[in-house]
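Visitor: Got a structure here, written out as structure tokens. Questions coming.
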Amino acid sequence: MSKKIVLIGAGSAMFTQGLVADLCHSPGLGPYELALVDIDPAALEVAEGLARRLVAAKSADIRIVGATNRREVLPGADVVLMTVGVGGRRAWEQDVFIPRKYGIFQPVGDSVMPGGISRAMRMIPALVAIARDVQDLCPRALFINYSNPMTANCWAIRQETGLNVIGLCHGAFRVERSLAKVAGAPPDEVTSVAIGLNHLTFFYDLRWKGRDLWHTIREKLATDLRPAKDGLPYPKAGDTFNDGDIGANPFSWTLFQAYGGYPSANDRHVSEFFPERFPGGKYYGMTLGVDAYSLEDIIAWGDGIYADMRAQALGEKPLDSRLLERKVGEHEQLLEILASIAYDQRRIFYANLPNQGAIPGLPDDAYLELPAVAMAGGMRAIHFDNFPDPLAAVIQRKLSSIRLTVEAALHGDRHLFVEALLADGAVTDPDVAAAMMTELLEVHRRHLPQFFPADGGAAS
């Protein structure tokens with residue numbers, strides 16, 4: 001019997017091509033029906049065209065279906081994936097550029113700080129609406145979210161619908177492999193325990209064949225993490241596309257030295273959870289989002305990737321054979337997770353799930369990124385009673401602002417929007433927070449029906 005996968009937000013062409021490539025490489029779970037959904041017909045045309053060319057190139061047993069209305073394809077779904085980005089890269093730019101006018105500099109702007117909070121206001125109503133359709137049309141489907149801000153999105157969906165949405169991100173997987181490389185151990189043989197929030201998940205146990213690797217890593221830090229004699233203090237820091245070296249993540253290593261846990265997903269994301277450490281965005285002689293992890297560069301890169309994929313999808317250029325090479329990333333982990341669930345292999349992966357007592361001392365309803373077992377029936381969080389109290393305190397502090405963000409987004413509450421900005425810590429003046437909120441709401445007005453009900457708009 002064919003396995004039906006529905007991908008909502010298929011206009012995220014890079015994810016779509018990675019997923020299709022992995023499906024082509026993983027016929028054991030198939031045959032597949034892959035339904036691609038996007039409310040933008042032009043984006044859907046690109047995703048569908050590229051998927052069909054990839055399938056044809058591999059003669060894979062995959063049936064591709066396209067739809068702009070998700071309700072047409074959700075019935076009978078075995079797996080529902082969300083890679084939605086309400087407003088796309090143009091909205092993302094405003095999430096970063098508007099706070100810059102108020103002296104707030106963000107290297108990403110998709111999880112916390114004003115950019116992440118603003119993004120949540122657009123994302124949460126849209127994803128909750130999708131969740132309600134899943135609940136109505138395919139309630140037994142494995143329901144997986146990739147959209148940011150991961151923690152707020154999953155928390156809101158669970159709170160409003162009760163659905164067991166799973167949040168997946170490749171960050172912890174990548175960082176585990178990077179830590180193994182630092183320790184000189186084979187990445188595939190290293191085990192770890194990391195707990196926290198998506199983009200702030202602390203690795204506090206790291207082993208190779210049972211041997212603790214932290215001593216080896218501390219020895220490496222003593223020789224490799226030191227300022228250069230000339231130029232920038234850490235010349236490898238701030239590079240969006242090269243973050244695997246010790247010197248590329250000085251702030252994350254500072255946290256490791258202070259707390260005994262290394263945070264995923266490295267400085268580009270982690271720095272946003274500690275805005276008070278970087279007043280004016282100053283980061284080791286650079287400015288966050290400008291010349292350190294340039295937002296403009298990552299946006300241009302994304303635009304370029306999409307343009308290239310569009311040309312391939314529409315037959316304007318040959319299909320890049322590299323698209324069919326297996327890549328390490330979130331889509332590869334997905335196929336491994338699906339196999340572990342289908343065959344009850346009980347393999348362990350990092351996932352974002354409701355705490356429900358897995359980590360004592362943190363709220364039961366909060367979504368945490370933590371080790372989980374992929375087994376028959378879905379994913380189950382593993383319980384740990386040894387998460388260090390200092391690390392739990394850091395996570396608890398950030399959960400407060402995320403909870404306020406969820407409530408503001410669900411109810412269109414401007415007062416709570418301001419309070420979320422203040423609790424986050426990047427903004428300390430209530431008047432500045434209110435002015436920034438007003439500007440962000442206005443620029444994203446067409447995507448915010450809960451704040452502008454008289455407009456009659458819809459975010460989903």
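Just remember, in the structure tokens the first chain shown is A, the second B, etc., residues are 1-based per chain, and ligands are 1-based in the order shown.
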Which polymer residues have any atom within 9 Å of an atom of Gly244 in chain A, counting only C-alpha atoms, with same-chain residues fewer than 2 positions away left out, as a PyMOL selection string?
Guide: chain A and resi 175+178-179+181-182+242+246-249+266
Visitor: With range 431-444 of chain A as the partner and 12 Å as the cut-off, tabulate the residues of range 36-136 of chain A that qualify, each row holding the nearest pair of atoms and their distance in Å to one decimal, using only C-alpha atoms, sorted by chain and rising number, as JSON lines.
Guide:
```
{"residue": "A:Val86", "atom": "CA", "partner": "A:His444", "partner_atom": "CA", "distance": 9.8}
{"residue": "A:Gly87", "atom": "CA", "partner": "A:His444", "partner_atom": "CA", "distance": 8.0}
{"residue": "A:Gly88", "atom": "CA", "partner": "A:His444", "partner_atom": "CA", "distance": 11.3}
{"residue": "A:Arg90", "atom": "CA", "partner": "A:His444", "partner_atom": "CA", "distance": 10.2}
{"residue": "A:Ala91", "atom": "CA", "partner": "A:His444", "partner_atom": "CA", "distance": 7.1}
{"residue": "A:Trp92", "atom": "CA", "partner": "A:His444", "partner_atom": "CA", "distance": 10.1}
{"residue": "A:Glu93", "atom": "CA", "partner": "A:Val443", "partner_atom": "CA", "distance": 11.0}
{"residue": "A:Gln94", "atom": "CA", "partner": "A:Leu440", "partner_atom": "CA", "distance": 7.6}
{"residue": "A:Asp95", "atom": "CA", "partner": "A:Leu440", "partner_atom": "CA", "distance": 7.2}
{"residue": "A:Val96", "atom": "CA", "partner": "A:Leu440", "partner_atom": "CA", "distance": 10.0}
{"residue": "A:Phe97", "atom": "CA", "partner": "A:Leu440", "partner_atom": "CA", "distance": 10.0}
{"residue": "A:Ile98", "atom": "CA", "partner": "A:Leu440", "partner_atom": "CA", "distance": 7.1}
{"residue": "A:Pro99", "atom": "CA", "partner": "A:Met436", "partner_atom": "CA", "distance": 6.8}
{"residue": "A:Arg100", "atom": "CA", "partner": "A:Met436", "partner_atom": "CA", "distance": 10.0}
{"residue": "A:Lys101", "atom": "CA", "partner": "A:Met436", "partner_atom": "CA", "distance": 9.0}
{"residue": "A:Tyr102", "atom": "CA", "partner": "A:Val432", "partner_atom": "CA", "distance": 7.4}
{"residue": "A:Gly103", "atom": "CA", "partner": "A:Val432", "partner_atom": "CA", "distance": 10.2}
{"residue": "A:Ile104", "atom": "CA", "partner": "A:Met436", "partner_atom": "CA", "distance": 10.3}
{"residue": "A:Met113", "atom": "CA", "partner": "A:Ala433", "partner_atom": "CA", "distance": 11.3}
{"residue": "A:Pro114", "atom": "CA", "partner": "A:Met436", "partner_atom": "CA", "distance": 8.5}
{"residue": "A:Gly115", "atom": "CA", "partner": "A:Leu440", "partner_atom": "CA", "distance": 9.1}
{"residue": "A:Gly116", "atom": "CA", "partner": "A:Leu440", "partner_atom": "CA", "distance": 11.5}
{"residue": "A:Ile117", "atom": "CA", "partner": "A:Met437", "partner_atom": "CA", "distance": 9.7}
{"residue": "A:Ser118", "atom": "CA", "partner": "A:Leu440", "partner_atom": "CA", "distance": 6.8}
{"residue": "A:Arg119", "atom": "CA", "partner": "A:His444", "partner_atom": "CA", "distance": 9.4}
{"residue": "A:Ala120", "atom": "CA", "partner": "A:His444", "partner_atom": "CA", "distance": 11.6}
{"residue": "A:Met121", "atom": "CA", "partner": "A:Leu441", "partner_atom": "CA", "distance": 8.7}
{"residue": "A:Arg122", "atom": "CA", "partner": "A:His444", "partner_atom": "CA", "distance": 7.8}
{"residue": "A:Met123", "atom": "CA", "partner": "A:His444", "partner_atom": "CA", "distance": 11.4}
```
Visitor: Would you export the selected residues with C-alpha atoms as a compact mmCIF listing (two decimals), in the first residue's frame, please?
Guide:
```
# COMPACT_ATOMS: atom_id res chain seq x y z
CA VAL A 86 3.96 33.07 6.22
CA GLY A 87 5.08 36.10 4.22
CA GLY A 88 8.25 34.39 2.98
CA ARG A 90 10.26 39.50 2.34
CA ALA A 91 8.40 39.34 5.68
CA TRP A 92 11.47 37.85 7.34
CA GLU A 93 13.51 40.85 6.23
CA GLN A 94 11.10 43.22 7.97
CA ASP A 95 11.32 41.17 11.18
CA VAL A 96 15.01 42.08 11.27
CA PHE A 97 15.17 45.46 9.55
CA ILE A 98 12.47 47.20 11.64
CA PRO A 99 14.07 46.31 15.02
CA ARG A 100 17.41 47.59 13.65
CA LYS A 101 15.85 51.07 13.52
CA TYR A 102 15.43 50.78 17.29
CA GLY A 103 19.00 49.59 17.88
CA ILE A 104 18.15 45.86 18.04
CA MET A 113 14.03 38.52 20.07
CA PRO A 114 11.63 40.92 18.29
CA GLY A 115 12.03 39.13 14.95
CA GLY A 116 11.10 35.73 16.32
CA ILE A 117 8.20 37.19 18.29
CA SER A 118 6.93 39.04 15.21
CA ARG A 119 7.25 35.87 13.13
CA ALA A 120 5.21 33.96 15.70
CA MET A 121 2.34 36.42 15.32
CA ARG A 122 2.07 35.44 11.62
CA MET A 123 2.87 31.77 11.99
```
Visitor: What residues in range 131-271 of chain A get the DSSP label strand (DSSP E)? Please answer as a PDB file with C-alpha atoms, in the first residue's frame.
Guide:
```
ATOM      1  CA  LEU A 142       2.058  11.609  12.027  1.00  0.00           C
ATOM      2  CA  PHE A 143       2.061  15.412  12.302  1.00  0.00           C
ATOM      3  CA  ILE A 144       5.458  17.099  11.994  1.00  0.00           C
ATOM      4  CA  ASN A 145       6.388  20.784  12.054  1.00  0.00           C
ATOM      5  CA  ILE A 166       6.339  16.826  16.620  1.00  0.00           C
ATOM      6  CA  GLY A 167       8.907  19.539  15.957  1.00  0.00           C
ATOM      7  CA  VAL A 190      29.210   9.295  19.444  1.00  0.00           C
ATOM      8  CA  THR A 191      26.214   9.414  21.803  1.00  0.00           C
ATOM      9  CA  SER A 192      24.883  12.463  23.592  1.00  0.00           C
ATOM     10  CA  VAL A 193      22.198  13.915  25.801  1.00  0.00           C
ATOM     11  CA  ALA A 194      20.988  17.426  25.050  1.00  0.00           C
ATOM     12  CA  ILE A 195      17.941  19.192  26.477  1.00  0.00           C
ATOM     13  CA  GLY A 196      16.505  22.665  26.042  1.00  0.00           C
ATOM     14  CA  LEU A 197      14.605  24.727  23.508  1.00  0.00           C
ATOM     15  CA  LEU A 200      19.082  26.619  22.602  1.00  0.00           C
ATOM     16  CA  THR A 201      19.562  22.944  23.422  1.00  0.00           C
ATOM     17  CA  PHE A 202      22.371  22.181  25.869  1.00  0.00           C
ATOM     18  CA  PHE A 203      24.590  19.138  25.320  1.00  0.00           C
ATOM     19  CA  TYR A 204      25.642  18.070  28.793  1.00  0.00           C
ATOM     20  CA  ASP A 205      26.612  14.442  28.132  1.00  0.00           C
ATOM     21  CA  LEU A 206      28.871  13.396  25.248  1.00  0.00           C
ATOM     22  CA  ARG A 207      30.467   9.970  24.924  1.00  0.00           C
ATOM     23  CA  TRP A 208      32.347   7.726  22.541  1.00  0.00           C
ATOM     24  CA  ARG A 211      34.026   7.296  27.394  1.00  0.00           C
ATOM     25  CA  ASP A 212      33.278  10.865  28.478  1.00  0.00           C
ATOM     26  CA  TYR A 262      27.389  23.255  24.968  1.00  0.00           C
ATOM     27  CA  PRO A 263      24.422  24.951  23.262  1.00  0.00           C
ATOM     28  CA  SER A 264      22.981  24.006  19.909  1.00  0.00           C
TER      29      SER A 264
END
```
Visitor: If DSSP is run on the backbone, what residues of range 108-179 of chain A are alpha helix (DSSP H)? A reply as a ChimeraX atom specification would be ideal.
Guide: /A:113-137,150-161,171-179
Visitor: Please identify all polymer residues within 9 Å of Asp385 in chain A, counting only C-alpha atoms, omitting same-chain residues fewer than 6 positions from it, and present them as an mmCIF file with C-alpha atoms, in the first residue's frame.
Guide:
```cif
data_model
loop_
_atom_site.group_PDB
_atom_site.id
_atom_site.type_symbol
_atom_site.label_atom_id
_atom_site.label_comp_id
_atom_site.auth_asym_id
_atom_site.auth_seq_id
_atom_site.Cartn_x
_atom_site.Cartn_y
_atom_site.Cartn_z
ATOM 1 C CA ALA A 358 10.131 14.217 31.086
ATOM 2 C CA ILE A 359 12.348 16.932 32.588
ATOM 3 C CA PRO A 360 11.417 17.625 36.236
#
```
Visitor: May I have the residues within 8 Å of Ile124 in chain A as a PyMOL selection string, using only C-alpha atoms and disregarding those fewer than 4 positions away in the same chain?
Guide: chain A and resi 120+128+152-153+156-157+406+409-410
Visitor: Which one is closest to Ser12 in chain A: A:Arg403, A:Arg310, A:His215, A:Arg226? Count only C-alpha atoms.
Guide: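 Answer, going by the shortest atom-to-atom distance: A:Arg310.
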Visitor: At a cut-off of 10 Å, using only C-alpha atoms, what residues contact Leu368 in chain A? Leave out same-chain residues fewer than 3 positions from it and give the result as a list in words.
Guide: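 Counting only the stated atoms, we get Met150, Thr151, Cys154, Trp155, Gly167, Ile195, Gly196, Leu197, Asn198, Leu200, Thr201, Tyr350, Ala351, Asn352, Leu353, Pro354, Asn355, Gln356, Ala358, Ile359, Leu362, Pro363, Asp364, Asp365, Pro371, Ala381, Ile395 and Leu399 of chain A.
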Visitor: List the neighbours of Gly289 in chain A out to 6 Å using only C-alpha atoms; skip same-chain residues closer than 2 positions along the sequence, and give me the result as number ranges by chain.
Guide: A: 106-107, 292-295
Visitor: Selection from above, N, CA and C atoms, as an mmCIF file, in the first residue's frame, can you write it?
Guide:
```cif
data_model
loop_
_atom_site.group_PDB
_atom_site.id
_atom_site.type_symbol
_atom_site.label_atom_id
_atom_site.label_comp_id
_atom_site.auth_asym_id
_atom_site.auth_seq_id
_atom_site.Cartn_x
_atom_site.Cartn_y
_atom_site.Cartn_z
ATOM 1 N N GLN A 106 19.788 41.491 15.060
ATOM 2 C CA GLN A 106 19.531 40.052 15.144
ATOM 3 C C GLN A 106 20.237 39.330 14.001
ATOM 4 N N PRO A 107 20.947 38.239 14.302
ATOM 5 C CA PRO A 107 21.585 37.489 13.226
ATOM 6 C C PRO A 107 20.632 36.596 12.446
ATOM 7 N N ALA A 292 28.445 40.162 11.048
ATOM 8 C CA ALA A 292 28.483 38.847 11.693
ATOM 9 C C ALA A 292 27.147 38.172 11.421
ATOM 10 N N TYR A 293 27.170 37.068 10.690
ATOM 11 C CA TYR A 293 25.941 36.363 10.307
ATOM 12 C C TYR A 293 24.987 37.322 9.587
ATOM 13 N N SER A 294 25.465 37.878 8.505
ATOM 14 C CA SER A 294 24.701 38.882 7.760
ATOM 15 C C SER A 294 23.335 38.352 7.329
ATOM 16 N N LEU A 295 22.290 39.039 7.739
ATOM 17 C CA LEU A 295 20.941 38.684 7.300
ATOM 18 C C LEU A 295 20.795 38.919 5.809
#
```
Visitor: Find the residue from A:Leu213, A:Leu370, A:Leu338, A:Ala47 that sits nearest to Phe15 in chain A; use only C-alpha atoms when measuring.
Guide: A:Ala47
